Structure formats: C-alpha cells, structure tokens
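Data from query.pdb: PDB, C-alpha atoms
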```
ATOM      1  CA  MET L   1     -26.403 -13.204  -4.643
ATOM      2  CA  LYS L   2     -26.054 -12.195  -1.006
ATOM      3  CA  LEU L   3     -24.054  -9.030  -0.311
ATOM      4  CA  THR L   4     -22.024  -9.166   2.900
ATOM      5  CA  THR L   5     -19.686  -6.633   4.471
ATOM      6  CA  THR L   6     -16.756  -7.445   6.768
ATOM      7  CA  THR L   7     -15.253  -4.631   8.824
ATOM      8  CA  GLN L   8     -12.653  -4.404  11.565
ATOM      9  CA  VAL L   9     -13.574  -1.755  14.148
ATOM     10  CA  SER L  10     -12.321  -0.526  17.502
ATOM     11  CA  VAL L  11     -14.557  -0.289  20.557
ATOM     12  CA  ASP L  12     -15.141   3.382  19.718
ATOM     13  CA  GLY L  13     -16.162   2.449  16.175
ATOM     14  CA  VAL L  14     -13.012   3.477  14.267
ATOM     15  CA  ALA L  15     -12.503   1.507  11.056
ATOM     16  CA  GLN L  16      -9.574   3.488   9.651
ATOM     17  CA  GLY L  17      -6.165   1.876   9.182
ATOM     18  CA  PRO L  18      -6.468  -1.356  11.195
ATOM     19  CA  GLY L  19      -3.738  -3.179   9.277
ATOM     20  CA  GLY L  20      -0.709  -0.894   9.420
ATOM     21  CA  PRO L  21       0.657   2.611  10.050
ATOM     22  CA  ASP L  22       0.717   3.535   6.352
ATOM     23  CA  GLU L  23      -2.531   1.854   5.334
ATOM     24  CA  ASP L  24      -4.787   4.914   5.488
ATOM     25  CA  GLU L  25      -3.404   8.249   6.674
ATOM     26  CA  ARG L  26      -6.289  10.454   5.564
ATOM     27  CA  GLY L  27      -6.937  13.294   7.976
ATOM     28  CA  VAL L  28      -3.407  13.015   9.428
ATOM     29  CA  PHE L  29      -4.308   9.724  11.064
ATOM     30  CA  GLU L  30      -1.257   8.446  12.958
ATOM     31  CA  ARG L  31      -2.662   5.449  14.834
ATOM     32  CA  GLY L  32      -2.842   2.884  12.050
ATOM     33  CA  GLY L  33      -2.112  -0.774  12.745
ATOM     34  CA  TRP L  34      -4.247  -0.960  15.881
ATOM     35  CA  ALA L  35      -5.743  -4.373  15.060
ATOM     36  CA  MET L  36      -2.570  -6.377  14.652
ATOM     37  CA  GLY L  37      -1.688  -6.801  18.321
ATOM     38  CA  HIS L  38      -5.041  -8.492  18.974
ATOM     39  CA  PHE L  39      -5.469 -10.579  15.807
ATOM     40  CA  ASP L  40      -5.073 -14.211  16.866
ATOM     41  CA  SER L  41      -5.413 -17.661  15.312
ATOM     42  CA  GLU L  42      -9.141 -17.841  16.102
ATOM     43  CA  ALA L  43      -9.823 -14.563  14.317
ATOM     44  CA  GLY L  44      -7.568 -15.716  11.484
ATOM     45  CA  THR L  45      -9.477 -18.966  11.076
ATOM     46  CA  PHE L  46     -12.779 -17.117  10.968
ATOM     47  CA  VAL L  47     -11.546 -14.612   8.369
ATOM     48  CA  ASN L  48     -10.131 -17.436   6.231
ATOM     49  CA  GLU L  49     -13.524 -19.140   6.284
ATOM     50  CA  VAL L  50     -15.237 -15.917   5.207
ATOM     51  CA  TYR L  51     -12.938 -15.480   2.213
ATOM     52  CA  GLN L  52     -13.276 -19.134   1.210
ATOM     53  CA  ARG L  53     -17.019 -18.818   0.686
ATOM     54  CA  ALA L  54     -16.769 -15.684  -1.492
ATOM     55  CA  ASP L  55     -17.952 -15.867  -5.087
ATOM     56  CA  ALA L  56     -16.909 -12.292  -5.919
ATOM     57  CA  PHE L  57     -15.605  -9.157  -4.226
ATOM     58  CA  LEU L  58     -16.748  -5.540  -4.302
ATOM     59  CA  PHE L  59     -14.327  -2.779  -3.313
ATOM     60  CA  GLY L  60     -14.173   0.957  -2.968
ATOM     61  CA  ARG L  61     -11.313   2.586  -4.858
ATOM     62  CA  GLN L  62      -8.930   3.071  -1.926
ATOM     63  CA  THR L  63      -9.332  -0.396  -0.439
ATOM     64  CA  TYR L  64      -8.952  -1.890  -3.916
ATOM     65  CA  GLU L  65      -5.622  -0.097  -4.366
ATOM     66  CA  ILE L  66      -4.425  -1.294  -0.937
ATOM     67  CA  PHE L  67      -5.367  -4.895  -1.697
ATOM     68  CA  ALA L  68      -3.994  -4.793  -5.248
ATOM     69  CA  GLY L  69      -0.676  -3.494  -3.923
ATOM     70  CA  SER L  70      -0.458  -6.272  -1.358
ATOM     71  CA  TRP L  71      -2.469  -9.426  -2.021
ATOM     72  CA  GLY L  72      -2.466  -8.706  -5.744
ATOM     73  CA  SER L  73       1.317  -8.349  -5.965
ATOM     74  CA  TRP L  74       2.472 -11.122  -3.648
ATOM     75  CA  ALA L  75       3.486 -14.518  -5.040
ATOM     76  CA  ASP L  76       1.184 -17.420  -4.212
ATOM     77  CA  PRO L  77       2.240 -18.645  -0.755
ATOM     78  CA  GLY L  78       0.456 -21.920  -1.424
ATOM     79  CA  ASP L  79      -1.416 -22.036   1.862
ATOM     80  CA  SER L  80      -3.460 -18.809   2.052
ATOM     81  CA  PRO L  81      -7.228 -19.023   1.525
ATOM     82  CA  ILE L  82      -7.314 -15.216   1.381
ATOM     83  CA  TRP L  83      -4.686 -15.000  -1.376
ATOM     84  CA  THR L  84      -6.405 -17.748  -3.359
ATOM     85  CA  ALA L  85      -9.837 -16.156  -3.103
ATOM     86  CA  LEU L  86      -8.678 -12.650  -3.967
ATOM     87  CA  ASN L  87      -6.591 -13.746  -6.930
ATOM     88  CA  THR L  88      -9.000 -16.239  -8.483
ATOM     89  CA  LYS L  89     -12.437 -14.697  -7.927
ATOM     90  CA  LEU L  90     -14.010 -11.794  -9.798
ATOM     91  CA  LYS L  91     -13.447  -8.343  -8.341
ATOM     92  CA  TYR L  92     -15.658  -5.289  -8.863
ATOM     93  CA  VAL L  93     -14.639  -1.725  -8.032
ATOM     94  CA  ALA L  94     -17.023   1.144  -7.327
ATOM     95  CA  SER L  95     -15.092   4.060  -8.772
ATOM     96  CA  THR L  96     -15.560   6.972 -11.138
ATOM     97  CA  THR L  97     -11.814   7.593 -11.458
ATOM     98  CA  LEU L  98     -10.256   4.145 -11.978
ATOM     99  CA  SER L  99      -9.938   3.411 -15.691
ATOM    100  CA  GLU L 100      -7.184   0.800 -15.979
ATOM    101  CA  PRO L 101      -7.254  -1.644 -13.046
ATOM    102  CA  ARG L 102      -3.956  -3.472 -12.677
ATOM    103  CA  TRP L 103      -5.288  -6.561 -10.910
ATOM    104  CA  ALA L 104      -6.536  -9.467 -13.034
ATOM    105  CA  LYS L 105     -10.239 -10.350 -12.980
ATOM    106  CA  THR L 106     -11.213  -6.766 -12.083
ATOM    107  CA  THR L 107     -14.223  -4.905 -13.469
ATOM    108  CA  VAL L 108     -14.903  -1.243 -12.747
ATOM    109  CA  LEU L 109     -18.631  -0.721 -12.262
ATOM    110  CA  PRO L 110     -19.773   2.047 -14.605
ATOM    111  CA  GLY L 111     -22.706   4.432 -14.553
ATOM    112  CA  ASP L 112     -25.507   3.824 -12.082
ATOM    113  CA  LEU L 113     -23.793   2.054  -9.178
ATOM    114  CA  ALA L 114     -27.019   1.008  -7.465
ATOM    115  CA  ALA L 115     -28.276  -0.566 -10.690
ATOM    116  CA  ALA L 116     -24.951  -2.331 -11.313
ATOM    117  CA  ILE L 117     -24.878  -3.811  -7.806
ATOM    118  CA  GLY L 118     -28.556  -4.707  -8.152
ATOM    119  CA  GLU L 119     -27.676  -6.745 -11.243
ATOM    120  CA  LEU L 120     -24.964  -8.594  -9.331
ATOM    121  CA  LYS L 121     -27.325  -9.280  -6.448
ATOM    122  CA  ALA L 122     -29.930 -10.579  -8.891
ATOM    123  CA  LYS L 123     -27.733 -13.562  -9.747
ATOM    124  CA  PRO L 124     -29.330 -16.786  -8.525
ATOM    125  CA  ALA L 125     -26.765 -17.719  -5.857
ATOM    126  CA  GLY L 126     -23.435 -16.896  -4.290
ATOM    127  CA  GLU L 127     -21.906 -14.288  -2.010
ATOM    128  CA  LEU L 128     -20.612 -10.862  -2.993
ATOM    129  CA  GLN L 129     -18.230  -9.707  -0.265
ATOM    130  CA  VAL L 130     -17.121  -6.214   0.705
ATOM    131  CA  HIS L 131     -13.991  -5.981   2.864
ATOM    132  CA  GLY L 132     -12.894  -2.661   4.337
ATOM    133  CA  SER L 133     -14.171   0.069   1.976
ATOM    134  CA  GLY L 134     -15.824   2.088   4.734
ATOM    135  CA  ARG L 135     -17.242   4.816   2.508
ATOM    136  CA  LEU L 136     -18.729   2.213   0.176
ATOM    137  CA  VAL L 137     -20.185   0.265   3.115
ATOM    138  CA  ARG L 138     -21.954   3.381   4.374
ATOM    139  CA  TRP L 139     -23.329   4.044   0.883
ATOM    140  CA  LEU L 140     -24.540   0.443   0.599
ATOM    141  CA  PHE L 141     -26.367   0.766   3.914
ATOM    142  CA  ASP L 142     -27.906   4.066   2.841
ATOM    143  CA  ASN L 143     -29.235   2.311  -0.267
ATOM    144  CA  HIS L 144     -30.464  -0.830   1.553
ATOM    145  CA  LEU L 145     -28.165  -3.158  -0.403
ATOM    146  CA  VAL L 146     -26.519  -5.016   2.499
ATOM    147  CA  ASP L 147     -27.815  -8.468   3.428
ATOM    148  CA  GLU L 148     -25.354  -9.276   6.206
ATOM    149  CA  ILE L 149     -22.729  -7.363   8.187
ATOM    150  CA  ILE L 150     -19.759  -8.945   9.948
ATOM    151  CA  LEU L 151     -17.986  -6.881  12.594
ATOM    152  CA  LEU L 152     -14.682  -7.815  14.187
ATOM    153  CA  THR L 153     -14.500  -5.518  17.208
ATOM    154  CA  TYR L 154     -11.054  -5.163  18.789
ATOM    155  CA  PRO L 155     -10.546  -4.383  22.495
ATOM    156  CA  VAL L 156      -8.977  -0.974  21.944
ATOM    157  CA  VAL L 157     -10.124   2.660  21.937
ATOM    158  CA  ILE L 158      -8.392   4.626  19.159
ATOM    159  CA  GLY L 159      -9.639   8.096  20.063
ATOM    160  CA  GLU L 160      -9.408   9.466  16.520
ATOM    161  CA  GLY L 161      -9.960   8.404  12.921
ATOM    162  CA  THR L 162     -12.891   7.665  10.663
ATOM    163  CA  ARG L 163     -15.636   5.595  12.222
ATOM    164  CA  LEU L 164     -17.603   2.991  10.322
ATOM    165  CA  PHE L 165     -20.855   4.882  10.836
ATOM    166  CA  PRO L 166     -21.015   8.692  11.044
ATOM    167  CA  ASP L 167     -22.679  10.840  13.687
ATOM    168  CA  THR L 168     -25.784  11.172  11.513
ATOM    169  CA  GLY L 169     -27.289   8.747   9.048
ATOM    170  CA  PRO L 170     -30.081   6.232   8.559
ATOM    171  CA  ASP L 171     -31.220   4.128  11.502
ATOM    172  CA  ILE L 172     -31.066   0.361  10.989
ATOM    173  CA  ALA L 173     -32.314  -2.504  13.140
ATOM    174  CA  LEU L 174     -30.076  -5.586  13.197
ATOM    175  CA  ASP L 175     -30.719  -9.224  14.064
ATOM    176  CA  LEU L 176     -27.769 -11.019  15.673
ATOM    177  CA  VAL L 177     -27.025 -14.186  13.692
ATOM    178  CA  ASP L 178     -23.762 -15.287  15.310
ATOM    179  CA  SER L 179     -21.439 -14.079  18.068
ATOM    180  CA  ARG L 180     -18.147 -15.304  19.471
ATOM    181  CA  VAL L 181     -15.096 -13.963  21.319
ATOM    182  CA  THR L 182     -11.507 -14.983  20.675
ATOM    183  CA  ARG L 183      -8.905 -15.521  23.368
ATOM    184  CA  LYS L 184      -7.397 -12.101  22.710
ATOM    185  CA  GLY L 185     -10.753 -10.422  23.086
ATOM    186  CA  VAL L 186     -11.779  -9.873  19.471
ATOM    187  CA  THR L 187     -15.583  -9.972  19.362
ATOM    188  CA  ILE L 188     -16.948 -11.394  16.108
ATOM    189  CA  GLN L 189     -20.583 -10.594  15.414
ATOM    190  CA  VAL L 190     -22.727 -11.331  12.386
ATOM    191  CA  TYR L 191     -25.885  -9.263  11.845
ATOM    192  CA  ARG L 192     -28.695  -9.049   9.310
ATOM    193  CA  PRO L 193     -30.453  -5.726   8.716
ATOM    194  CA  THR L 194     -34.184  -5.902   9.418
ATOM    195  CA  GLY L 195     -35.440  -2.449   8.554
ATOM    196  CA  ARG L 196     -35.881   0.491  10.897
ATOM    197  CA  PRO L 197     -35.639   0.088  14.695
ATOM    198  CA  ARG L 198     -38.662   0.368  16.934
ATOM    199  CA  TYR L 199     -38.559   3.230  19.391
ATOM    200  CA  ALA L 200     -40.218   3.258  22.766
ATOM    201  CA  THR L 201     -42.885   5.828  23.464
ATOM    202  CA  ALA L 202     -43.062   7.762  26.691
ATOM    203  CA  THR L 203     -45.555   6.450  29.246
ATOM    204  CA  MET L 204     -46.802   7.993  32.439
TER
END
```
Encoded form (structure tokens):
Amino acid sequence: MKLTTTTQVSVDGVAQGPGGPDEDERGVFERGGWAMGHFDSEAGTFVNEVYQRADAFLFGRQTYEIFAGSWGSWADPGDSPIWTALNTKLKYVASTTLSEPRWAKTTVLPGDLAAAIGELKAKPAGELQVHGSGRLVRWLFDNHLVDEIILLTYPVVIGEGTRLFPDTGPDIALDLVDSRVTRKGVTIQVYRPTGRPRYATATM
C-alpha cells in the first residue's frame, strides 16, 4: 500500500490553520483561514480526485479531531467525494491518548507506530492517505515511510505559524511527478522521495 501525504502550505512554508480562524490556534496563531480565498474549482477538482482514490486514511490526533468534528458530523450532502471517502473508508489514528474514537471505522494504532504503519504498507495494493497532520507527516519523513508527497502551495506569505518542515531535520531529495497551477495561483506539485540529495563540491 502506497503512503501519500497531502498538505496545504503558504509560500513561506506555513501549514498551520489553512481552513479557518479556529482550526488550529496553537502558539497564539491568529492568521488561520489563509487558504480559503485562493481555493478555486480547479484545486477542488484535484482534491476530490485525491480523496476518491483513497483506500484508507491515517491521521494525527489533532487533525483527526478536526475532521471528526466536521466531515464526521455532517449529514451526507449526496455529492461530495470527500465526505463519501472519509465516512466509508477505514481511518487510522496515530495517538497515545485517544482511547474511544467517536468516528465510525476508526482504529487507533497501538504500540510501535512504525511497525503498525509498516504492516499497513505491506498490504498488496491501495493508497493510505495522510491529510494535514503536520507533526505526523514530519515523523513519517523522518522514518522514511512516505512514498509520495502532494503540496498545494498558496500564493500568500503568512509570516508566522508552524511550517511543514522545521529549521533542522533530515535532508530529502524529491523527484517531481506532476505540477500544475490553478487560475487563482495555487501550485499543485506531486513529489516522490528518492533518498538523500547530492551536494556539489567546491572546485577551483
């Protein structure tokens, strides 16, 4: 099973609170909702297609709670690929504190997280998707568990907030698989990790 991550980021790499002002206020973050003014029908079509091909979802605790309180509580609108995918596919949560998930088809991954995700990835086919869940995404990269990363980069500089990747961490080379730009300037890029980057050496 292929593990893919999908993350909305600003030009300066912020991934915190793209959907709304109250979505993620950690660190007294007051600039939430920065993605919505740029999200257009082209970006929406792409995101719908991503969700439609999911076989299962993997969440960090906070993103799971956000999704469960929204997509998991809304009535079926009848025409939303995202709602259908999230409410009919299996969901896994990486958490040591969640004991009674309130969303149907949810399993909390116990014990050795790397081993548990390794077992999911060992399934013969399918796609395990991670949406949001920045801390989990960074951990997955640190443990070389990501097969493909999708970035939706919005034409805005936030100037504060948690970035997808920290100031220090592992270095990762990426191959560009797909790239497109929507009419409102959202850049959609799909990458595959290919190991460590090559660095140039000084020459006289």
Between L:Pro193, L:Gly19, L:Gly78, L:Gly72, which residue has the minimum interatomic distance to Glu148 in chain L, considering all atoms listed in the file?
L:Pro193
Excluding Leu140 in chain L and its own-chain neighbours fewer than 4 positions away, which residues fall within 10 Å of it when counting only C-alpha atoms? Please give them as a count of residues only.
13
Run the PyMOL selection byres ((chain L and resi 196) around 8) mentally over the shown coordinates, then write out the matched residues as a list in words, using the chain letters and numbers from the document.
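Selected by the PyMOL selection byres ((chain L and resi 196) around 8) in this file: Asp171, Ile172, Ala173, Thr194, Gly195, Pro197 and Arg198 of chain L.
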I want to know what sits within 10 Å of Pro124 in chain L, based on only C-alpha atoms, with residues of the same chain fewer than 4 positions away left out; could you give that as a list of chain:residue names?
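The residues that qualify are L:Met1, L:Lys2, L:Leu120.
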Hey, what comes out of the PyMOL selection byres ((chain L and resi 178) around 9) on this file? Could you write it as a list in words?
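On the file shown, the PyMOL selection byres ((chain L and resi 178) around 9) covers Leu176, Val177, Ser179, Arg180, Ile188, Gln189, Val190 and Tyr191 of chain L.
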Interatomic distance (Å, one decimal) between CA of Pro166 in chain L and CA of Val9 in chain L
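It comes out at 13.2 Å.
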Translate the PyMOL selection byres ((chain L and resi 7) around 7) into a concrete residue list for this structure, as number ranges by chain.
L: 5-6, 8-9, 131-132, 150-152
Hey, can you spit out that residue selection with C-alpha atoms as an mmCIF file, in the frame of the given file?
```cif
data_model
loop_
_atom_site.group_PDB
_atom_site.id
_atom_site.type_symbol
_atom_site.label_atom_id
_atom_site.label_comp_id
_atom_site.auth_asym_id
_atom_site.auth_seq_id
_atom_site.Cartn_x
_atom_site.Cartn_y
_atom_site.Cartn_z
ATOM 1 C CA THR L 5 -19.686 -6.633 4.471
ATOM 2 C CA THR L 6 -16.756 -7.445 6.768
ATOM 3 C CA GLN L 8 -12.653 -4.404 11.565
ATOM 4 C CA VAL L 9 -13.574 -1.755 14.148
ATOM 5 C CA HIS L 131 -13.991 -5.981 2.864
ATOM 6 C CA GLY L 132 -12.894 -2.661 4.337
ATOM 7 C CA ILE L 150 -19.759 -8.945 9.948
ATOM 8 C CA LEU L 151 -17.986 -6.881 12.594
ATOM 9 C CA LEU L 152 -14.682 -7.815 14.187
#
```
Taking all atoms of range 11-16 of chain L that appear in the file, build a box with edges along x, y and z, extend it by 4 Å on every side, and state its centre and edge lengths in Å to one decimal, as AutoDock Vina command-line options.
```
--center_x -12.9 --center_y 1.6 --center_z 15.1 --size_x 14.6 --size_y 11.8 --size_z 18.9
```
Taking all atoms listed in the file into account, name the residue in L:Glu30, L:Glu119, L:Glu23, L:Asp40 that is nearest to Ile158 in chain L.
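When distances to Ile158 in chain L are compared using all atoms listed in the file, the smallest one comes from L:Glu30.
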Find the residues near Val50 in chain L: any atom within 10 Å, counting all atoms listed in the file, skip ones fewer than 5 places away on the same chain, and give them as a PyMOL selection string.
chain L and resi 4+6+44-45+81-82+85+127+129+150
Atomic distance CA of Trp83 in chain L - CA of Ser133 in chain L, expressed in Å with one decimal:
18.1 Å
Shortest contact to Lys105 in chain L, candidates L:Trp34, L:Phe57, L:Tyr199, L:Phe141, atoms counted all atoms listed in the file, goes to L:Phe57
In Å, rounded to a single decimal, give me how far CA of Arg163 in chain L is from CA of Thr107 in chain L.
27.8 Å
Dump as a ChimeraX atom specification all residues having an atom at most 12 Å from (-7.3, 10.4, 21.3), computed in the file's coordinates with all atoms listed in the file.
/L:12,14,29-31,156-161
Restricting the output to C-alpha atoms, write the selected residues as a PDB file, keeping the file's coordinate frame.
```pdb
ATOM      1  CA  ASP L  12     -15.141   3.382  19.718  1.00  0.00           C
ATOM      2  CA  VAL L  14     -13.012   3.477  14.267  1.00  0.00           C
ATOM      3  CA  PHE L  29      -4.308   9.724  11.064  1.00  0.00           C
ATOM      4  CA  GLU L  30      -1.257   8.446  12.958  1.00  0.00           C
ATOM      5  CA  ARG L  31      -2.662   5.449  14.834  1.00  0.00           C
ATOM      6  CA  VAL L 156      -8.977  -0.974  21.944  1.00  0.00           C
ATOM      7  CA  VAL L 157     -10.124   2.660  21.937  1.00  0.00           C
ATOM      8  CA  ILE L 158      -8.392   4.626  19.159  1.00  0.00           C
ATOM      9  CA  GLY L 159      -9.639   8.096  20.063  1.00  0.00           C
ATOM     10  CA  GLU L 160      -9.408   9.466  16.520  1.00  0.00           C
ATOM     11  CA  GLY L 161      -9.960   8.404  12.921  1.00  0.00           C
TER      12      GLY L 161
END
```
For a cut-off of 12 Å around (-16.3, 8.7, -9.8), file coordinates, pick out all residues using all atoms listed in the file and list them as an NGL selection string.
:L and (60-61 or 93-99 or 108-113)
Between L:Ala104, L:Leu128, L:Leu164, L:Val137, single out the one closest to Pro18 in chain L, counting all atoms listed in the file.
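Checking each candidate against Pro18 in chain L, we get L:Leu164 as the closest.
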Which residue out of L:Asp76, L:Asn48, L:Arg138, L:Thr201 has the minimum interatomic distance to Thr162 in chain L when all atoms listed in the file are used?
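So, comparing all the options, the nearest one is L:Arg138.
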Excluding Lys89 in chain L and its own-chain neighbours fewer than 2 positions away, which residues fall within 9 Å of it when counting all atoms listed in the file? Please give them as an MDAnalysis selection string.
chainID L and resid 54:57 84:87 91 105
Counting all atoms listed in the file, figure out which residue out of L:Thr106, L:Phe165, L:Leu174, L:Pro155 gets nearest to Met36 in chain L.
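So, comparing all the options, the nearest one is L:Pro155.
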